[in-house]
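Dropping work-v3.txt in here (compact mmCIF, C-alpha atoms):
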```
# COMPACT_ATOMS: atom_id res chain seq x y z
CA MET A 1 -209.22 -96.26 -125.36
CA THR A 2 -209.61 -93.84 -122.46
CA GLU A 3 -209.90 -94.78 -118.80
CA ASP A 4 -213.54 -93.60 -118.77
CA GLN A 5 -214.38 -95.85 -121.70
CA GLU A 6 -212.75 -98.76 -119.92
CA LYS A 7 -214.74 -98.08 -116.77
CA SER A 8 -218.04 -97.85 -118.62
CA PHE A 9 -217.21 -101.04 -120.53
CA VAL A 10 -216.39 -102.96 -117.35
CA LYS A 11 -219.64 -101.69 -115.78
CA LEU A 12 -221.60 -102.78 -118.86
CA VAL A 13 -220.09 -106.28 -118.84
CA ASN A 14 -220.63 -106.56 -115.10
CA GLU A 15 -224.33 -105.69 -115.45
CA ASN A 16 -224.87 -108.15 -118.29
CA GLN A 17 -222.46 -110.90 -117.30
CA GLY A 18 -225.30 -113.42 -116.90
CA LEU A 19 -225.59 -113.59 -120.67
CA ILE A 20 -221.88 -114.40 -121.05
CA HIS A 21 -222.03 -117.01 -118.28
CA LYS A 22 -224.95 -118.74 -120.00
CA VAL A 23 -223.06 -118.92 -123.30
CA CYS A 24 -220.06 -120.37 -121.45
CA ILE A 25 -222.20 -122.95 -119.66
CA LEU A 26 -223.78 -124.12 -122.92
CA TYR A 27 -220.60 -124.21 -125.01
CA GLU A 28 -217.98 -125.49 -122.59
CA THR A 29 -218.09 -128.40 -120.20
CA ASP A 30 -215.45 -127.80 -117.56
CA LYS A 31 -214.83 -124.83 -115.28
CA GLU A 32 -211.41 -123.93 -116.68
CA ALA A 33 -212.64 -123.94 -120.29
CA ARG A 34 -215.63 -121.81 -119.26
CA ASN A 35 -213.34 -119.27 -117.62
CA ASP A 36 -211.19 -119.18 -120.76
CA LEU A 37 -214.24 -118.66 -122.95
CA PHE A 38 -215.54 -115.95 -120.59
CA GLN A 39 -212.25 -114.07 -120.91
CA GLU A 40 -212.18 -114.54 -124.68
CA ILE A 41 -215.71 -113.14 -125.00
CA VAL A 42 -214.81 -110.15 -122.81
CA LEU A 43 -211.74 -109.50 -124.98
CA GLN A 44 -213.76 -109.71 -128.19
CA LEU A 45 -216.42 -107.39 -126.73
CA TRP A 46 -213.70 -104.96 -125.73
CA LYS A 47 -212.22 -105.11 -129.23
CA SER A 48 -215.62 -104.38 -130.76
CA PHE A 49 -216.66 -101.79 -128.18
CA PRO A 50 -215.51 -98.76 -130.24
CA THR A 51 -217.79 -99.86 -133.11
CA PHE A 52 -220.84 -100.22 -130.84
CA ARG A 53 -222.87 -97.07 -131.33
CA GLY A 54 -225.91 -97.96 -129.31
CA GLU A 55 -228.13 -98.39 -132.39
CA ALA A 56 -228.70 -102.03 -131.49
CA LYS A 57 -229.77 -103.19 -128.05
CA ILE A 58 -226.80 -103.87 -125.82
CA THR A 59 -227.88 -107.48 -125.32
CA THR A 60 -228.23 -108.04 -129.09
CA TRP A 61 -224.69 -106.79 -129.59
CA MET A 62 -223.40 -108.91 -126.70
CA TYR A 63 -225.22 -112.02 -127.92
CA ARG A 64 -223.79 -111.62 -131.39
CA ILE A 65 -220.20 -111.31 -130.20
CA ALA A 66 -220.47 -113.93 -127.45
CA LEU A 67 -222.07 -116.51 -129.75
CA ASN A 68 -219.68 -115.74 -132.59
CA THR A 69 -216.75 -116.21 -130.22
CA ALA A 70 -218.16 -119.48 -128.90
CA ILE A 71 -219.19 -120.89 -132.29
CA SER A 72 -216.89 -119.46 -134.91
CA GLY A 73 -214.09 -118.01 -132.83
CA LEU A 74 -211.87 -120.92 -133.84
CA ARG A 75 -212.21 -122.66 -130.53
CA LYS A 76 -212.40 -126.44 -130.28
CA LEU A 77 -215.72 -127.17 -131.91
CA GLY A 78 -218.14 -130.01 -131.69
CA ARG A 79 -217.77 -130.95 -128.07
CA LYS A 80 -220.83 -132.61 -126.64
CA ILE A 81 -221.53 -134.06 -123.25
CA LYS A 82 -221.71 -137.83 -123.10
CA THR A 83 -225.10 -139.39 -122.45
CA GLU A 84 -223.88 -140.91 -119.18
CA GLU A 85 -223.59 -137.45 -117.70
CA LEU A 86 -227.36 -137.19 -117.41
CA GLU A 87 -227.32 -140.26 -115.20
CA GLU A 88 -224.59 -138.65 -113.11
CA PHE A 89 -226.91 -135.67 -112.53
CA HIS A 90 -229.48 -138.03 -111.05
CA PHE A 91 -226.94 -139.48 -108.66
CA ASN A 92 -225.89 -136.03 -107.54
CA ILE A 93 -229.39 -134.68 -106.91
CA SER A 94 -231.27 -135.72 -103.78
CA ASP A 95 -234.99 -136.51 -103.54
CA ASN A 96 -235.62 -133.27 -101.66
CA THR A 97 -238.34 -131.22 -103.41
CA GLU A 98 -236.19 -128.10 -103.06
CA ASP A 99 -233.80 -129.72 -105.47
CA HIS A 100 -236.55 -130.24 -108.01
CA PHE A 101 -235.91 -126.90 -109.75
CA GLU A 102 -232.19 -127.60 -109.84
CA GLU A 103 -232.82 -131.02 -111.34
CA ASN A 104 -235.08 -129.58 -114.02
CA PHE A 105 -232.48 -126.96 -114.86
CA GLN A 106 -229.71 -129.56 -115.06
CA ARG A 107 -231.85 -131.73 -117.34
CA LEU A 108 -232.65 -128.76 -119.58
CA GLN A 109 -229.01 -127.71 -119.69
CA TRP A 110 -227.96 -131.25 -120.55
CA ALA A 111 -230.58 -131.49 -123.30
CA ILE A 112 -229.51 -128.17 -124.84
CA ARG A 113 -225.90 -129.29 -124.88
CA GLN A 114 -226.88 -132.30 -126.99
CA LEU A 115 -228.00 -129.92 -129.75
CA SER A 116 -225.77 -128.54 -132.50
CA GLU A 117 -223.90 -125.28 -131.86
CA ILE A 118 -226.39 -123.33 -133.99
CA GLU A 119 -229.42 -124.87 -132.31
CA ARG A 120 -227.93 -124.12 -128.90
CA ALA A 121 -227.56 -120.45 -129.85
CA MET A 122 -231.18 -120.28 -131.06
CA ILE A 123 -232.79 -121.94 -128.05
CA MET A 124 -230.66 -119.91 -125.66
CA MET A 125 -231.85 -116.65 -127.19
CA ALA A 126 -235.44 -117.88 -127.27
CA LEU A 127 -235.28 -118.83 -123.58
CA ASP A 128 -233.94 -115.36 -122.84
CA GLU A 129 -236.99 -113.81 -124.55
CA VAL A 130 -235.07 -112.53 -127.57
CA PRO A 131 -237.70 -111.90 -130.31
CA TYR A 132 -237.59 -114.11 -133.40
CA ASP A 133 -236.61 -111.21 -135.68
CA GLU A 134 -233.53 -110.56 -133.53
CA ILE A 135 -232.69 -114.27 -133.44
CA ALA A 136 -232.98 -114.33 -137.24
CA GLU A 137 -230.72 -111.27 -137.49
CA ASN A 138 -228.10 -112.68 -135.13
CA ILE A 139 -228.00 -116.08 -136.82
CA GLY A 140 -228.29 -114.80 -140.40
CA ILE A 141 -231.43 -116.70 -141.44
CA THR A 142 -235.04 -115.66 -142.10
CA GLN A 143 -237.71 -115.36 -139.41
CA ASN A 144 -239.68 -118.17 -141.04
CA ASN A 145 -236.64 -120.36 -140.87
CA VAL A 146 -236.27 -119.50 -137.18
CA ARG A 147 -239.89 -120.59 -136.54
CA VAL A 148 -239.41 -123.90 -138.35
CA ARG A 149 -236.11 -124.60 -136.61
CA MET A 150 -237.49 -123.67 -133.19
CA ASN A 151 -240.26 -126.24 -133.61
CA ARG A 152 -237.67 -128.89 -134.42
CA ILE A 153 -235.51 -127.85 -131.46
CA ARG A 154 -238.48 -128.03 -129.06
CA GLU A 155 -239.25 -131.50 -130.40
CA LYS A 156 -235.65 -132.61 -129.88
CA ILE A 157 -235.59 -131.26 -126.31
CA ARG A 158 -238.92 -132.95 -125.59
CA THR A 159 -237.48 -136.30 -126.72
CA LEU A 160 -234.22 -135.79 -124.83
CA ILE A 161 -235.83 -134.81 -121.54
CA ARG A 162 -238.56 -137.47 -121.62
CA MET B 1 -241.86 -129.01 -119.09
CA GLU B 2 -241.75 -129.52 -122.83
CA GLU B 3 -243.35 -126.28 -123.98
CA LEU B 4 -241.24 -123.19 -124.54
CA GLU B 5 -242.91 -121.20 -121.73
CA ASP B 6 -242.16 -124.01 -119.26
CA LEU B 7 -238.62 -124.17 -120.48
CA LYS B 8 -238.28 -120.39 -120.06
CA GLN B 9 -239.49 -120.70 -116.49
CA ILE B 10 -236.89 -123.34 -115.71
CA TRP B 11 -234.24 -121.24 -117.44
CA ARG B 12 -235.18 -118.14 -115.41
CA SER B 13 -235.23 -120.12 -112.15
CA HIS B 14 -231.48 -120.41 -112.49
CA GLU B 15 -230.65 -116.79 -113.31
CA GLN B 16 -227.93 -116.61 -110.64
CA GLY B 17 -226.65 -120.13 -111.11
CA TYR B 18 -223.12 -118.94 -111.77
CA GLU B 19 -220.33 -117.36 -109.81
CA PRO B 20 -220.47 -113.64 -110.70
CA LYS B 21 -217.23 -111.93 -111.66
CA LYS B 22 -216.23 -108.76 -109.84
CA GLU B 23 -215.59 -105.55 -111.80
CA SER B 24 -211.91 -105.76 -110.84
CA GLU B 25 -211.71 -109.29 -112.33
CA ILE B 26 -213.29 -108.09 -115.57
CA ALA B 27 -210.85 -105.17 -115.73
CA VAL B 28 -207.92 -107.59 -115.35
CA MET B 29 -209.30 -109.70 -118.23
CA LEU B 30 -208.89 -106.71 -120.57
CA GLN B 31 -205.14 -106.86 -120.01
CA GLY B 32 -205.02 -110.57 -120.93
CA ARG B 33 -204.22 -111.96 -124.33
CA SER B 34 -206.58 -113.70 -126.70
CA ASN B 35 -206.65 -117.49 -126.44
CA SER B 36 -208.39 -117.95 -129.76
CA ILE B 37 -206.52 -119.98 -132.35
CA ILE B 38 -206.11 -116.83 -134.46
CA GLY B 39 -204.46 -115.10 -131.50
CA LYS B 40 -202.15 -118.06 -130.97
CA LEU B 41 -201.33 -118.32 -134.69
CA LYS B 42 -200.44 -114.62 -134.78
CA ARG B 43 -198.17 -114.98 -131.75
CA ASN B 44 -196.45 -118.01 -133.34
CA VAL B 45 -195.86 -116.19 -136.63
CA TRP B 46 -194.48 -113.16 -134.78
CA PHE B 47 -192.14 -115.45 -132.83
CA GLU B 48 -190.97 -117.14 -136.07
CA LEU B 49 -190.51 -113.76 -137.75
CA ILE B 50 -188.41 -112.34 -134.89
CA PHE B 51 -186.41 -115.59 -134.63
CA THR B 52 -185.68 -115.52 -138.38
CA ILE B 53 -184.57 -111.87 -138.26
CA ALA B 54 -182.32 -112.58 -135.25
CA CYS B 55 -180.75 -115.61 -137.01
CA SER B 56 -180.24 -113.62 -140.23
CA VAL B 57 -178.49 -110.80 -138.38
CA ALA B 58 -176.30 -113.26 -136.44
CA LEU B 59 -175.39 -115.12 -139.66
CA LEU B 60 -174.65 -111.86 -141.47
CA VAL B 61 -172.35 -110.68 -138.69
CA TYR B 62 -170.59 -114.07 -138.77
CA ALA B 63 -170.35 -114.05 -142.59
CA LEU B 64 -168.63 -110.64 -142.49
CA THR B 65 -165.82 -112.14 -140.40
CA LEU B 66 -165.16 -114.91 -142.96
CA GLU B 67 -162.97 -114.93 -146.02
CA ALA B 68 -164.58 -115.75 -149.38
CA GLY B 69 -165.09 -119.48 -149.59
CA ALA B 70 -167.56 -122.34 -149.36
CA ILE B 71 -168.74 -121.58 -145.80
CA MET B 72 -169.28 -117.89 -146.54
CA TRP B 73 -171.36 -118.64 -149.64
CA THR B 74 -173.31 -121.26 -147.73
CA ILE B 75 -174.15 -118.69 -145.05
CA ILE B 76 -175.06 -116.05 -147.62
CA SER B 77 -177.41 -118.48 -149.38
CA LEU B 78 -179.04 -119.20 -146.00
CA ILE B 79 -179.50 -115.45 -145.43
CA VAL B 80 -181.15 -115.18 -148.87
CA LEU B 81 -183.46 -118.05 -147.92
CA PHE B 82 -184.30 -116.40 -144.58
CA THR B 83 -185.09 -113.16 -146.43
CA ALA B 84 -187.63 -115.08 -148.53
CA TYR B 85 -189.09 -116.39 -145.27
CA LEU B 86 -189.60 -112.80 -144.05
CA PHE B 87 -192.00 -112.15 -146.95
CA TYR B 88 -193.69 -115.45 -146.18
CA TYR B 89 -194.27 -114.51 -142.52
CA VAL B 90 -195.46 -111.00 -143.37
CA LYS B 91 -197.96 -112.45 -145.86
CA LYS B 92 -199.16 -114.90 -143.17
CA LEU B 93 -199.64 -112.02 -140.70
CA LEU B 94 -201.58 -110.05 -143.30
CA LEU B 95 -203.86 -113.04 -143.93
CA LEU B 96 -204.39 -113.59 -140.19
CA GLY B 97 -205.16 -109.88 -139.76
CA LYS B 98 -208.17 -110.28 -142.04
CA PHE B 99 -209.97 -112.61 -139.62
CA ASP B 100 -212.84 -110.95 -137.84
CA ALA B 101 -215.10 -113.52 -136.26
CA SER B 102 -217.19 -111.04 -134.34
CA GLY B 103 -218.30 -108.48 -136.88
CA GLY B 104 -221.39 -109.87 -138.56
CA ASN B 105 -224.05 -112.41 -137.80
CA ILE B 106 -223.13 -116.03 -137.11
CA LYS B 107 -223.68 -117.17 -140.71
CA SER B 108 -221.59 -114.40 -142.28
CA SER B 109 -218.87 -114.86 -139.65
CA LEU B 110 -218.68 -118.58 -140.42
CA GLU B 111 -218.57 -117.87 -144.17
CA ASN B 112 -215.83 -115.29 -143.61
CA LEU B 113 -213.89 -117.66 -141.39
CA TYR B 114 -214.19 -120.57 -143.83
CA GLN B 115 -213.06 -118.46 -146.77
CA LYS B 116 -210.14 -116.81 -144.94
CA LEU B 117 -208.96 -120.03 -143.33
CA THR B 118 -209.05 -121.81 -146.71
CA VAL B 119 -206.95 -119.01 -148.26
CA TYR B 120 -204.50 -119.23 -145.33
CA VAL B 121 -204.14 -123.02 -145.61
CA ASN B 122 -203.73 -122.85 -149.40
CA PHE B 123 -201.06 -120.19 -149.05
CA TYR B 124 -199.28 -122.38 -146.50
CA ARG B 125 -199.42 -125.37 -148.87
CA LYS B 126 -198.30 -123.41 -151.95
CA SER B 127 -195.41 -121.80 -150.07
CA TYR B 128 -194.03 -125.16 -149.05
CA THR B 129 -194.56 -126.56 -152.55
CA VAL B 130 -192.30 -123.75 -153.79
CA LEU B 131 -189.82 -124.11 -150.93
CA TYR B 132 -189.14 -127.86 -151.40
CA PRO B 133 -187.42 -127.36 -154.78
CA VAL B 134 -185.48 -124.44 -153.25
CA TYR B 135 -184.26 -126.70 -150.41
CA PHE B 136 -183.37 -129.43 -152.88
CA PHE B 137 -181.35 -127.21 -155.20
CA LEU B 138 -179.68 -125.54 -152.23
CA GLY B 139 -178.61 -129.02 -151.14
CA LEU B 140 -177.13 -129.57 -154.59
CA PHE B 141 -175.46 -126.17 -154.46
CA PHE B 142 -173.84 -126.98 -151.09
CA GLY B 143 -172.76 -130.35 -152.53
CA ALA B 144 -171.14 -128.56 -155.45
CA LEU B 145 -169.33 -126.20 -153.07
CA GLU B 146 -168.14 -129.12 -150.98
CA THR B 147 -166.76 -131.20 -153.87
CA GLY B 148 -165.53 -128.29 -156.00
CA LEU B 149 -167.19 -127.17 -159.22
CA ASP B 150 -165.08 -129.33 -161.58
CA GLY B 151 -165.62 -132.47 -159.51
CA PHE B 152 -169.31 -131.71 -159.25
CA ILE B 153 -169.74 -131.26 -163.04
CA SER B 154 -167.85 -134.48 -163.80
CA ARG B 155 -169.97 -136.41 -161.26
CA MET B 156 -173.14 -134.95 -162.77
CA GLN B 157 -172.16 -136.46 -166.09
CA GLU B 158 -172.32 -139.98 -164.64
CA PRO B 159 -175.71 -141.64 -165.43
CA LYS B 160 -175.74 -143.31 -161.99
CA THR B 161 -175.51 -139.92 -160.24
CA VAL B 162 -178.24 -138.42 -162.43
CA ILE B 163 -180.60 -141.37 -161.80
CA THR B 164 -179.91 -141.24 -158.06
CA LEU B 165 -180.60 -137.51 -158.01
CA VAL B 166 -183.86 -137.87 -159.97
CA VAL B 167 -185.06 -140.62 -157.61
CA LEU B 168 -184.05 -138.57 -154.56
CA MET B 169 -185.76 -135.49 -155.99
CA GLY B 170 -188.97 -137.46 -156.59
CA LEU B 171 -188.87 -138.90 -153.06
CA PHE B 172 -188.09 -135.50 -151.54
CA PHE B 173 -191.01 -133.79 -153.29
CA ILE B 174 -193.53 -136.57 -152.67
CA LEU B 175 -192.62 -137.02 -149.00
CA GLY B 176 -192.52 -133.26 -148.50
CA PHE B 177 -195.91 -132.80 -150.12
CA VAL B 178 -197.47 -135.67 -148.15
CA ALA B 179 -195.99 -134.39 -144.87
CA THR B 180 -197.29 -130.84 -145.49
CA HIS B 181 -200.71 -132.15 -146.47
CA PHE B 182 -200.87 -134.33 -143.34
CA TYR B 183 -199.67 -131.50 -141.09
CA LEU B 184 -202.18 -128.99 -142.49
CA LYS B 185 -205.01 -131.52 -142.30
CA LYS B 186 -204.14 -132.23 -138.68
CA LEU B 187 -203.89 -128.53 -137.81
CA TYR B 188 -206.86 -127.10 -139.70
CA GLY B 189 -208.65 -129.95 -141.49
CA ASN B 190 -211.06 -130.85 -138.70
CA HIS B 191 -211.81 -127.23 -138.10
CA LEU B 192 -212.59 -126.51 -141.74
CA THR B 193 -214.80 -129.61 -141.87
CA LYS B 194 -216.67 -128.49 -138.76
CA ILE B 195 -217.21 -124.96 -140.08
CA LYS B 196 -218.45 -126.42 -143.37
CA GLU B 197 -220.88 -128.65 -141.46
CA LEU B 198 -222.21 -125.65 -139.54
CA LEU B 199 -222.63 -123.70 -142.78
CA ASN B 200 -224.45 -126.66 -144.37
CA GLU B 201 -226.72 -126.78 -141.34
CA LEU B 202 -227.51 -123.07 -141.74
CA GLN B 203 -228.19 -123.45 -145.45
CA GLY B 204 -230.23 -126.63 -145.04
```

Target encoding structure tokens, full file:
Amino acid sequence: MTEDQEKSFVKLVNENQGLIHKVCILYETDKEARNDLFQEIVLQLWKSFPTFRGEAKITTWMYRIALNTAISGLRKLGRKIKTEELEEFHFNISDNTEDHFEENFQRLQWAIRQLSEIERAMIMMALDEVPYDEIAENIGITQNNVRVRMNRIREKIRTLIR
Amino acid sequence: MEELEDLKQIWRSHEQGYEPKKESEIAVMLQGRSNSIIGKLKRNVWFELIFTIACSVALLVYALTLEAGAIMWTIISLIVLFTAYLFYYVKKLLLLGKFDASGGNIKSSLENLYQKLTVYVNFYRKSYTVLYPVYFFLGLFFGALETGLDGFISRMQEPKTVITLVVLMGLFFILGFVATHFYLKKLYGNHLTKIKELLNELQG
């Protein structure tokens, strides 16, 4: 690929790197593994970049590759955070009200990581305002199925966070 | 907090909750190599392929310096075996080249991965099932060269030798098969099981 293509790709990843970071946070537990996954996603995006023609939204394309890399990219699957880690969050967070948002985010993140890999992908896209038809397309199931599963996921998160 | 809109709000409140990468860091990542298992498998097969070619060439050069005899024929039979391995490695590379985990949606990628990985593992298993008899008969061949053809034929006529060989052959095949099965299960078994579970979840 040309130098210009490389530059535009790097710019594109830089502008949308939040999406990749979120996938890494939800699918890997330690910093080193997250960095490895980040690099792997960037490499897979780069590999697929010539086939991206701009027909799909850039975020849809990035979600698809990032989630495929995290879920089916033959990485170590099935890792979940132990329940005790939620208690550790409580020890690490002070009573200061400014930390309230951080605590809520940590609890949500912990709850999502208790879900299966597929459920994690669905809730992550839903939280990022991806419409149900795009979620259905990215996962490979029907929109109705997405609705049913999303209800179940919300119920699970409700129970986990309570 | 439980409803989706509340969850979205919490999610958005942490938009910058990560250490952003600089453009230069991202550019460096493009020069890196893939750490996926497929990437590692490909590198391993390439290493084995190059190592086998190097050994074959070295053995061939050495064989050319020898006079006709047991050692020369032993080396030539090893070169023939290594040549068979070259086809085996090329076939493995072709199978690995068919993996594309990022093309379609998650379900089709998992299906593709499951199917391709199953084909790869089966090829691995079948190859070794074929190679064990080759190893065994090569062992016999070397034995024949060592003892001389006449001595070898006369020993093969003794019932005790035949029974010992049959028992050894049985043990060799069974242990070889069990070891390959165990090795493949350890390497890929958990992964195949996990992919199957994910596919069942998607179909359920």

Problem set entry | Coordinates-based distance that separates CA of Tyr89 in chain B from CA of Cys55 in chain B (Å, one decimal) | 14.6 Å

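The coordinates place CA of Leu49 in chain B at 21.1 Å from CA of Lys116 in chain B.
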
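The nearest approach to chain A among the residues B:Gly97, B:Gly69, B:Pro133, B:Gly104, with all atoms listed in the file taken into account, belongs to B:Gly104.
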
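Picture a line from CA of Thr29 in chain A to CA of Arg152 in chain A; it runs 24.2 Å.
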
Wanna dump the chain A-chain B contacts at 8 Å for me, each residue with its shortest atom pair and the distance in Å to one decimal, counting all atoms listed in the file, ordered by chain and number, as JSON lines?
```
{"residue": "A:Glu6", "atom": "CA", "partner": "B:Ala27", "partner_atom": "CA", "distance": 7.9}
{"residue": "A:Val10", "atom": "CA", "partner": "B:Glu23", "partner_atom": "CA", "distance": 6.2}
{"residue": "A:Lys11", "atom": "CA", "partner": "B:Glu23", "partner_atom": "CA", "distance": 6.9}
{"residue": "A:Val13", "atom": "CA", "partner": "B:Ile26", "partner_atom": "CA", "distance": 7.8}
{"residue": "A:Asn14", "atom": "CA", "partner": "B:Glu23", "partner_atom": "CA", "distance": 6.1}
{"residue": "A:Gln17", "atom": "CA", "partner": "B:Pro20", "partner_atom": "CA", "distance": 7.4}
{"residue": "A:Gly18", "atom": "CA", "partner": "B:Glu15", "partner_atom": "CA", "distance": 7.3}
{"residue": "A:His21", "atom": "CA", "partner": "B:Tyr18", "partner_atom": "CA", "distance": 6.9}
{"residue": "A:Asp36", "atom": "CA", "partner": "B:Asn35", "partner_atom": "CA", "distance": 7.5}
{"residue": "A:Gln39", "atom": "CA", "partner": "B:Met29", "partner_atom": "CA", "distance": 5.9}
{"residue": "A:Glu40", "atom": "CA", "partner": "B:Ser34", "partner_atom": "CA", "distance": 6.0}
{"residue": "A:Val42", "atom": "CA", "partner": "B:Met29", "partner_atom": "CA", "distance": 7.2}
{"residue": "A:Leu43", "atom": "CA", "partner": "B:Leu30", "partner_atom": "CA", "distance": 5.9}
{"residue": "A:Gln44", "atom": "CA", "partner": "B:Ser102", "partner_atom": "CA", "distance": 7.2}
{"residue": "A:Trp46", "atom": "CA", "partner": "B:Leu30", "partner_atom": "CA", "distance": 7.3}
{"residue": "A:Ser48", "atom": "CA", "partner": "B:Ser102", "partner_atom": "CA", "distance": 7.7}
{"residue": "A:Arg64", "atom": "CA", "partner": "B:Asn105", "partner_atom": "CA", "distance": 6.5}
{"residue": "A:Ile65", "atom": "CA", "partner": "B:Ser102", "partner_atom": "CA", "distance": 5.1}
{"residue": "A:Leu67", "atom": "CA", "partner": "B:Ile106", "partner_atom": "CA", "distance": 7.5}
{"residue": "A:Asn68", "atom": "CA", "partner": "B:Ser102", "partner_atom": "CA", "distance": 5.6}
{"residue": "A:Thr69", "atom": "CA", "partner": "B:Ser102", "partner_atom": "CA", "distance": 6.6}
{"residue": "A:Ile71", "atom": "CA", "partner": "B:Ile106", "partner_atom": "CA", "distance": 7.9}
{"residue": "A:Ser72", "atom": "CA", "partner": "B:Leu110", "partner_atom": "CA", "distance": 5.9}
{"residue": "A:Gly73", "atom": "CA", "partner": "B:Ala101", "partner_atom": "CA", "distance": 5.7}
{"residue": "A:Leu74", "atom": "CA", "partner": "B:Ile37", "partner_atom": "CA", "distance": 5.6}
{"residue": "A:Arg75", "atom": "CA", "partner": "B:Ser36", "partner_atom": "CA", "distance": 6.1}
{"residue": "A:Lys76", "atom": "CA", "partner": "B:His191", "partner_atom": "CA", "distance": 7.9}
{"residue": "A:Leu77", "atom": "CA", "partner": "B:Lys194", "partner_atom": "CA", "distance": 7.0}
{"residue": "A:Gly78", "atom": "CA", "partner": "B:Lys194", "partner_atom": "CA", "distance": 7.4}
{"residue": "A:Phe101", "atom": "CA", "partner": "B:Ile10", "partner_atom": "CA", "distance": 7.0}
{"residue": "A:Glu102", "atom": "CA", "partner": "B:His14", "partner_atom": "CA", "distance": 7.7}
{"residue": "A:Asn104", "atom": "CA", "partner": "B:Ile10", "partner_atom": "CA", "distance": 6.7}
{"residue": "A:Phe105", "atom": "CA", "partner": "B:Ile10", "partner_atom": "CA", "distance": 5.8}
{"residue": "A:Leu108", "atom": "CA", "partner": "B:Leu7", "partner_atom": "CA", "distance": 7.6}
{"residue": "A:Glu117", "atom": "CA", "partner": "B:Leu198", "partner_atom": "CA", "distance": 7.9}
{"residue": "A:Ile118", "atom": "CA", "partner": "B:Leu198", "partner_atom": "CA", "distance": 7.3}
{"residue": "A:Leu127", "atom": "CA", "partner": "B:Lys8", "partner_atom": "CA", "distance": 4.9}
{"residue": "A:Asp128", "atom": "CA", "partner": "B:Lys8", "partner_atom": "CA", "distance": 7.2}
{"residue": "A:Glu137", "atom": "CA", "partner": "B:Asn105", "partner_atom": "CA", "distance": 6.8}
{"residue": "A:Asn138", "atom": "CA", "partner": "B:Asn105", "partner_atom": "CA", "distance": 4.9}
{"residue": "A:Ile139", "atom": "CA", "partner": "B:Ile106", "partner_atom": "CA", "distance": 4.9}
{"residue": "A:Gly140", "atom": "CA", "partner": "B:Lys107", "partner_atom": "CA", "distance": 5.2}
{"residue": "A:Ile141", "atom": "CA", "partner": "B:Leu202", "partner_atom": "CA", "distance": 7.5}
{"residue": "A:Arg154", "atom": "CA", "partner": "B:Leu4", "partner_atom": "CA", "distance": 7.2}
{"residue": "A:Ile157", "atom": "CA", "partner": "B:Glu2", "partner_atom": "CA", "distance": 7.3}
{"residue": "A:Arg158", "atom": "CA", "partner": "B:Glu2", "partner_atom": "CA", "distance": 5.2}
```

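Counting all atoms listed in the file and comparing B:Ile76, B:Ile174, B:Ile50, B:Leu187, the residue that lies closest to Thr129 in chain B is B:Ile174.
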
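For the choices A:Ala111, A:Ala136, A:Cys24, A:Met125, the atom-to-atom distance to Lys156 in chain A is smallest for A:Ala111 when using all atoms listed in the file.
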
For this session: Quick one: residues within 8 Å of (-194.5, -118.8, -142.2) (file frame), counting all atoms listed in the file, please, as a VMD selection string.
Result: chain B and resid 45 48 to 49 85 to 86 88 to 90 92 124

Could the residues in this selection be saved with C-alpha atoms as a short mmCIF file (atom, residue, chain, number, x, y, z; two decimals), in the frame of the given file?
```cif
data_model
loop_
_atom_site.label_atom_id
_atom_site.label_comp_id
_atom_site.auth_asym_id
_atom_site.auth_seq_id
_atom_site.Cartn_x
_atom_site.Cartn_y
_atom_site.Cartn_z
CA VAL B 45 -195.86 -116.19 -136.63
CA GLU B 48 -190.97 -117.14 -136.07
CA LEU B 49 -190.51 -113.76 -137.75
CA TYR B 85 -189.09 -116.39 -145.27
CA LEU B 86 -189.60 -112.80 -144.05
CA TYR B 88 -193.69 -115.45 -146.18
CA TYR B 89 -194.27 -114.51 -142.52
CA VAL B 90 -195.46 -111.00 -143.37
CA LYS B 92 -199.16 -114.90 -143.17
CA TYR B 124 -199.28 -122.38 -146.50
#
```

Quick one: axis-aligned box around all listed atoms of range 132-141 of chain B, 3 Å on every side, centre and edge lengths in Å to one decimal, written as JSON.
```
{"center_x": -182.3, "center_y": -127.0, "center_z": -152.8, "size_x": 19.7, "size_y": 11.1, "size_z": 10.8}
```

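For the residues B:Leu131, B:Val61, B:Phe51, B:Thr147, ranking by smallest atom-to-atom distance to Ala84 in chain B using all atoms listed in the file places B:Leu131 first.
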